[in-house]
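Colleague: Before anything else, here's the structure in question.
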Amino acid sequence: MKHSSFRVNSLVGLLASITFVVPVLGVDGVPIWRQSVVSPAGADAFVTSPSLAFDHFGGPSVAWSRFSTIGGNNTVYRSELLGLGLWAHRSVASGFGLGAATSLSFDRAERPIVAWTTSGNEVHADFNNGQVTGLVGADAGGSGQALSISHDLAGNLRGVYCGADAGNLRSVDFDNVGFSSLSLTTVPGVQEIVDAQLVTDHVGLRHVIARAELPGGMEGVVVASEPSFPASWPVATLASAGSVGGVSVATNPANGRVGVAYSTTDGGTSRLVYAEMHDFALETTVLFQTSTSIYEDVSLAYDLSDGRPAIAFEENVLAGGESLSLAYVDGAQQWQTSLIDDSIRLDAPGAMLKPSLAFDDYGTSYPAVAYVDDDGALTVAFDPPAVPEPASFVLLLAAAAMIRGRGCRGWHWAD
């Protein structure tokens with residue numbers, strides 16, 4: 001029987017291949033953004049209300065709507081990125097006044113649910129590419145832009161939209177047969193809920209953040225939390241200002257805690273704020289403040305691999321220019337910023353153009369942001385990991401040096 005030595009180069013190559021699959025943190029270092037155009041606006045139309053989500057195989061999808069500018073039908077779509085970089089589009093619903101807001105989430109079996117609002121004060125939803133399509137509720141109020149759905153850890157659909165009564169927040173529910181809605185809570189002392197987002201924590205309790213119009217021309221950042229026993233939801237106003245640009249809420253996968261992000265402008269100063277529970281209290285941090293621009297809509301998400309927060313935020317520069325950036329926490333636990341696009345579209349008539357941030361769910365945990373570019377095209381910017389972290393290279397070199405030093409004694413390859 002012949003024997004041949006196991007070659008050092010082969011072992012080094014094997015170690016290198018193992019090292020390369022070690023999860024690379026999506027926002028470590030300086031992000032390098034790659035833009036992918038999902039769809040142009042098209043003639044006599046504009047794109048609005050993107051909602052980005054990844055399935056658990058790492059596949060990105062976007063729910064969005066194409067609004068007609070000449071009084072025709074609007075169309076709600078779900079678009080998914082395929083293996084060769086092409087986007088496929090499914091028309092979910094079409095009709096007059098649809099899609100001022102959309103929202104997208106995947107259940108634990110990778111089945112998508114798309115929800116959308118209508119100008120007729122209705123909320124509709126579609127499960128698993130048309131397997132179940134139906135009315136959630138016919139009692140939506142406000143501007144029709146407050147809508148958010150997601151799944152909790154048990155796989156249950158959880159969602160929120162603004163009810164017809166001032167300050168009322170209603171649920172989005174699904175029992176695999178049909179959709180329904182119940183009143184969650186009513187925020188006292190507000191004139192209208194402009195935007196709202198809901199998440200569940202590690203024990204399945206729901207939490208809502210809302211942007212509300214207050215009496216006297218002020219706007220407020222309002223939060224509400226579900227108790228573990230039958231009772232009214234406690235409600236609080238985190239901040240009030242002349243203008244609230246955007247609000248967002250997310251659950252940290254590392255510890256189950258809920259965090260929020262929002263932007264305010266008051267007295268000529270605009271602020272971007274992050275808050276998260278620490279030591280049984282909400283710890284609030286003003287990340288940035290400026291008098292030369294206005295922070296607009298925000299989207300908060302957490303890196304799935306390490307629980308670090310990241311915020312996609314719009315900035316309206318007073319001297320001219322509308323940009324999109326990412327604020328994130330680096331390996332030294334310091335907040336950093338990365339410019340995603342220096343020219344975007346902030347607003348559309350009667351519809352949402354806020355960014356949507358999500359992290360990949362396939363081990364690498366990289367960030368991606370859906371938004372509308374300055375030419376009106378729906379775009380997703382990705383920051384995928386391209387190379388191993390420096391620490392991985394150090395481990396590889398150390399292993400190679402050790403192997404060479406021992407001369408690979410004891411390693412044999414049997415034919």
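As shown in the structure tokens, the chain order sets the letters A, B, ...; within each chain, residues go from 1, and ligands are also counted from 1 in the order they appear.
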At a cut-off of 7 Å, using only C-alpha atoms, what residues contact Val208 of chain A? Leave out same-chain residues fewer than 3 positions from it and give the result as an MDAnalysis selection string.
Modeller: chainID A and resid 196:199 223:225
Colleague: Output N, CA and C atoms for every residue in that selection, as a PDB file, in the first residue's frame.
Modeller:
ATOM      1  N   ALA A 196     -46.687  54.478  11.928  1.00  0.00           N
ATOM      2  CA  ALA A 196     -46.574  53.581  13.078  1.00  0.00           C
ATOM      3  C   ALA A 196     -45.849  52.318  12.665  1.00  0.00           C
ATOM      4  N   GLN A 197     -45.142  51.712  13.619  1.00  0.00           N
ATOM      5  CA  GLN A 197     -44.433  50.463  13.383  1.00  0.00           C
ATOM      6  C   GLN A 197     -44.528  49.606  14.633  1.00  0.00           C
ATOM      7  N   LEU A 198     -44.655  48.281  14.456  1.00  0.00           N
ATOM      8  CA  LEU A 198     -44.833  47.349  15.566  1.00  0.00           C
ATOM      9  C   LEU A 198     -43.808  46.231  15.482  1.00  0.00           C
ATOM     10  N   VAL A 199     -43.291  45.810  16.647  1.00  0.00           N
ATOM     11  CA  VAL A 199     -42.455  44.615  16.760  1.00  0.00           C
ATOM     12  C   VAL A 199     -42.872  43.849  18.009  1.00  0.00           C
ATOM     13  N   VAL A 223     -44.909  56.001  22.112  1.00  0.00           N
ATOM     14  CA  VAL A 223     -44.684  54.562  22.218  1.00  0.00           C
ATOM     15  C   VAL A 223     -45.779  53.941  23.079  1.00  0.00           C
ATOM     16  N   ALA A 224     -46.085  52.673  22.786  1.00  0.00           N
ATOM     17  CA  ALA A 224     -47.061  51.912  23.564  1.00  0.00           C
ATOM     18  C   ALA A 224     -46.582  50.479  23.652  1.00  0.00           C
ATOM     19  N   SER A 225     -46.851  49.821  24.792  1.00  0.00           N
ATOM     20  CA  SER A 225     -46.389  48.450  25.009  1.00  0.00           C
ATOM     21  C   SER A 225     -47.522  47.588  25.534  1.00  0.00           C
TER      22      SER A 225
END
Colleague: Please report the interatomic distance between atom CA of Gly363 of chain A and atom CA of Gly155 of chain A in Å with one decimal.
Modeller: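 Separating atom CA of Gly363 of chain A from atom CA of Gly155 of chain A is a distance of 19.6 Å.
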Colleague: Hey, can you check how far atom CA of Val132 of chain A sits from atom CA of Asn176 of chain A?
Modeller: 7.9 Å
Colleague: Can you pull out the residues contacting Asp195 of chain A? Cut-off 10 Å, using only C-alpha atoms, and skip same-chain residues under 4 positions away; I want them as a ChimeraX atom specification.
Modeller: /A:101,142-148,161-162,209-213,221,246-248,352
Colleague: Go ahead and save the picked residues with N, CA and C atoms, as a PDB file, in the first residue's frame.
Modeller:
ATOM      1  N   ALA A 101     -49.217  52.780   1.523  1.00  0.00           N
ATOM      2  CA  ALA A 101     -48.223  52.118   2.365  1.00  0.00           C
ATOM      3  C   ALA A 101     -48.285  50.626   2.082  1.00  0.00           C
ATOM      4  N   GLY A 142     -56.566  58.191   9.327  1.00  0.00           N
ATOM      5  CA  GLY A 142     -55.377  58.989   9.086  1.00  0.00           C
ATOM      6  C   GLY A 142     -55.100  59.144   7.608  1.00  0.00           C
ATOM      7  N   SER A 143     -53.831  59.202   7.268  1.00  0.00           N
ATOM      8  CA  SER A 143     -53.429  59.422   5.889  1.00  0.00           C
ATOM      9  C   SER A 143     -53.279  58.112   5.113  1.00  0.00           C
ATOM     10  N   GLY A 144     -53.552  56.975   5.765  1.00  0.00           N
ATOM     11  CA  GLY A 144     -53.400  55.690   5.104  1.00  0.00           C
ATOM     12  C   GLY A 144     -51.960  55.263   4.938  1.00  0.00           C
ATOM     13  N   GLN A 145     -51.063  55.858   5.703  1.00  0.00           N
ATOM     14  CA  GLN A 145     -49.646  55.560   5.564  1.00  0.00           C
ATOM     15  C   GLN A 145     -49.074  54.825   6.764  1.00  0.00           C
ATOM     16  N   ALA A 146     -49.887  54.594   7.797  1.00  0.00           N
ATOM     17  CA  ALA A 146     -49.417  53.916   9.001  1.00  0.00           C
ATOM     18  C   ALA A 146     -49.733  52.430   8.879  1.00  0.00           C
ATOM     19  N   LEU A 147     -48.725  51.624   8.532  1.00  0.00           N
ATOM     20  CA  LEU A 147     -48.910  50.188   8.351  1.00  0.00           C
ATOM     21  C   LEU A 147     -47.584  49.482   8.576  1.00  0.00           C
ATOM     22  N   SER A 148     -47.617  48.382   9.333  1.00  0.00           N
ATOM     23  CA  SER A 148     -46.402  47.624   9.610  1.00  0.00           C
ATOM     24  C   SER A 148     -46.779  46.200   9.965  1.00  0.00           C
ATOM     25  N   TYR A 161     -51.930  49.104  12.202  1.00  0.00           N
ATOM     26  CA  TYR A 161     -52.288  50.217  11.321  1.00  0.00           C
ATOM     27  C   TYR A 161     -53.122  51.200  12.101  1.00  0.00           C
ATOM     28  N   CYS A 162     -53.307  52.375  11.539  1.00  0.00           N
ATOM     29  CA  CYS A 162     -54.038  53.442  12.219  1.00  0.00           C
ATOM     30  C   CYS A 162     -55.535  53.272  11.995  1.00  0.00           C
ATOM     31  N   ILE A 209     -44.234  52.077  18.024  1.00  0.00           N
ATOM     32  CA  ILE A 209     -43.806  53.469  18.006  1.00  0.00           C
ATOM     33  C   ILE A 209     -44.609  54.173  16.932  1.00  0.00           C
ATOM     34  N   ALA A 210     -45.014  55.411  17.201  1.00  0.00           N
ATOM     35  CA  ALA A 210     -45.856  56.147  16.262  1.00  0.00           C
ATOM     36  C   ALA A 210     -45.422  57.600  16.180  1.00  0.00           C
ATOM     37  N   ARG A 211     -45.594  58.142  15.006  1.00  0.00           N
ATOM     38  CA  ARG A 211     -45.431  59.574  14.779  1.00  0.00           C
ATOM     39  C   ARG A 211     -46.825  60.187  14.769  1.00  0.00           C
ATOM     40  N   ALA A 212     -47.060  61.119  15.672  1.00  0.00           N
ATOM     41  CA  ALA A 212     -48.410  61.640  15.876  1.00  0.00           C
ATOM     42  C   ALA A 212     -48.447  63.159  15.770  1.00  0.00           C
ATOM     43  N   GLU A 213     -49.555  63.657  15.261  1.00  0.00           N
ATOM     44  CA  GLU A 213     -49.814  65.092  15.269  1.00  0.00           C
ATOM     45  C   GLU A 213     -50.479  65.453  16.597  1.00  0.00           C
ATOM     46  N   VAL A 221     -43.367  61.821  19.244  1.00  0.00           N
ATOM     47  CA  VAL A 221     -42.936  60.424  19.125  1.00  0.00           C
ATOM     48  C   VAL A 221     -43.592  59.677  20.280  1.00  0.00           C
ATOM     49  N   GLY A 246     -39.220  60.936  11.259  1.00  0.00           N
ATOM     50  CA  GLY A 246     -39.504  59.524  11.100  1.00  0.00           C
ATOM     51  C   GLY A 246     -39.357  58.781  12.407  1.00  0.00           C
ATOM     52  N   VAL A 247     -39.968  57.590  12.487  1.00  0.00           N
ATOM     53  CA  VAL A 247     -39.902  56.752  13.680  1.00  0.00           C
ATOM     54  C   VAL A 247     -39.687  55.308  13.246  1.00  0.00           C
ATOM     55  N   SER A 248     -39.022  54.522  14.093  1.00  0.00           N
ATOM     56  CA  SER A 248     -38.803  53.116  13.794  1.00  0.00           C
ATOM     57  C   SER A 248     -38.538  52.359  15.088  1.00  0.00           C
ATOM     58  N   MET A 352     -45.794  57.182   1.012  1.00  0.00           N
ATOM     59  CA  MET A 352     -44.547  57.069   1.747  1.00  0.00           C
ATOM     60  C   MET A 352     -43.367  56.810   0.812  1.00  0.00           C
TER      61      MET A 352
END
Colleague: Which one of A:Leu182, A:Ala250, A:Val76, A:Val194 sits closest to Gly141 of chain A if you count only C-alpha atoms?
Modeller: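 Of A:Leu182, A:Ala250, A:Val76, A:Val194, the one nearest Gly141 of chain A, counting only C-alpha atoms, is A:Val194.
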Colleague: Quick one: pick out all strand (DSSP E or B) residues within segment 330-394 of chain A from a backbone DSSP run and write them as a JSON list (two decimals) with C-alpha atoms, in the first residue's frame.
Modeller:
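Everything below was put into selection-v9.json:
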[["chain", "number", "residue", "atom", "x", "y", "z"],
["A", 335, "TRP", "CA", -21.36, 55.05, 16.13],
["A", 336, "GLN", "CA", -20.15, 55.61, 12.57],
["A", 337, "THR", "CA", -21.86, 56.79, 9.37],
["A", 338, "SER", "CA", -21.67, 55.65, 5.78],
["A", 339, "LEU", "CA", -23.14, 57.50, 2.81],
["A", 340, "ILE", "CA", -25.35, 55.19, 0.78],
["A", 341, "ASP", "CA", -26.60, 57.59, -1.91],
["A", 344, "ILE", "CA", -32.44, 60.41, -3.45],
["A", 348, "ALA", "CA", -44.15, 61.72, -3.16],
["A", 351, "ALA", "CA", -47.56, 58.29, -0.20],
["A", 356, "SER", "CA", -36.44, 50.22, 4.62],
["A", 357, "LEU", "CA", -33.40, 48.61, 6.30],
["A", 358, "ALA", "CA", -32.97, 44.87, 6.80],
["A", 359, "PHE", "CA", -30.16, 42.42, 7.54],
["A", 367, "PRO", "CA", -27.25, 45.25, 5.69],
["A", 368, "ALA", "CA", -29.41, 46.25, 2.76],
["A", 369, "VAL", "CA", -31.62, 49.30, 2.28],
["A", 370, "ALA", "CA", -34.55, 49.78, -0.10],
["A", 371, "TYR", "CA", -35.28, 53.35, -1.17],
["A", 372, "VAL", "CA", -36.35, 55.54, -4.10],
["A", 373, "ASP", "CA", -33.48, 57.12, -6.03],
["A", 378, "LEU", "CA", -36.88, 51.70, -6.71],
["A", 379, "THR", "CA", -33.39, 50.73, -5.60],
["A", 380, "VAL", "CA", -31.82, 48.36, -3.07],
["A", 381, "ALA", "CA", -28.31, 49.10, -1.80],
["A", 382, "PHE", "CA", -26.37, 46.08, -0.50]]
Colleague: Just how far from atom CA of Ala63 of chain A is atom CA of Pro50 of chain A, in Å to one decimal?
Modeller: 5.6 Å
Colleague: A:Ser49, A:Ser365, A:Thr75, A:Ser150: which is nearest Val172 of chain A, counting only C-alpha atoms?
Modeller: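 For Val172 of chain A, the nearest of the candidates is A:Ser150.
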Colleague: At a cut-off of 9 Å, using only C-alpha atoms, what residues contact Trp233 of chain A? Leave out same-chain residues fewer than 5 positions from it and give the result as an MDAnalysis selection string.
Modeller: chainID A and resid 184:186 224:227
Colleague: Need to verify the contact set: Ser228 of chain A, 12 Å, only C-alpha atoms, exclusion of same-chain residues closer than 6 positions in sequence. Can you return it as a PDB file with N, CA and C atoms, in the first residue's frame?
Modeller:
ATOM      1  N   ASP A 201     -41.257  41.441  21.282  1.00  0.00           N
ATOM      2  CA  ASP A 201     -40.005  41.173  21.996  1.00  0.00           C
ATOM      3  C   ASP A 201     -39.790  39.667  22.143  1.00  0.00           C
ATOM      4  N   VAL A 203     -40.439  37.611  24.431  1.00  0.00           N
ATOM      5  CA  VAL A 203     -41.500  36.822  25.060  1.00  0.00           C
ATOM      6  C   VAL A 203     -42.827  36.963  24.317  1.00  0.00           C
ATOM      7  N   GLY A 204     -42.809  37.621  23.174  1.00  0.00           N
ATOM      8  CA  GLY A 204     -43.999  37.705  22.339  1.00  0.00           C
ATOM      9  C   GLY A 204     -44.903  38.885  22.601  1.00  0.00           C
ATOM     10  N   LEU A 205     -44.482  39.820  23.436  1.00  0.00           N
ATOM     11  CA  LEU A 205     -45.292  41.011  23.693  1.00  0.00           C
ATOM     12  C   LEU A 205     -45.002  42.070  22.642  1.00  0.00           C
ATOM     13  N   ARG A 206     -46.052  42.806  22.265  1.00  0.00           N
ATOM     14  CA  ARG A 206     -45.952  43.768  21.172  1.00  0.00           C
ATOM     15  C   ARG A 206     -45.628  45.173  21.672  1.00  0.00           C
ATOM     16  N   HIS A 207     -44.876  45.904  20.836  1.00  0.00           N
ATOM     17  CA  HIS A 207     -44.490  47.281  21.141  1.00  0.00           C
ATOM     18  C   HIS A 207     -44.640  48.122  19.874  1.00  0.00           C
ATOM     19  N   PRO A 234     -49.947  50.690  28.332  1.00  0.00           N
ATOM     20  CA  PRO A 234     -49.390  51.978  28.750  1.00  0.00           C
ATOM     21  C   PRO A 234     -48.808  52.714  27.546  1.00  0.00           C
TER      22      PRO A 234
END
Colleague: At a cut-off of 9 Å, using only C-alpha atoms, what residues contact Val329 of chain A? Leave out same-chain residues fewer than 4 positions from it and give the result as a count of residues only.
Modeller: 10
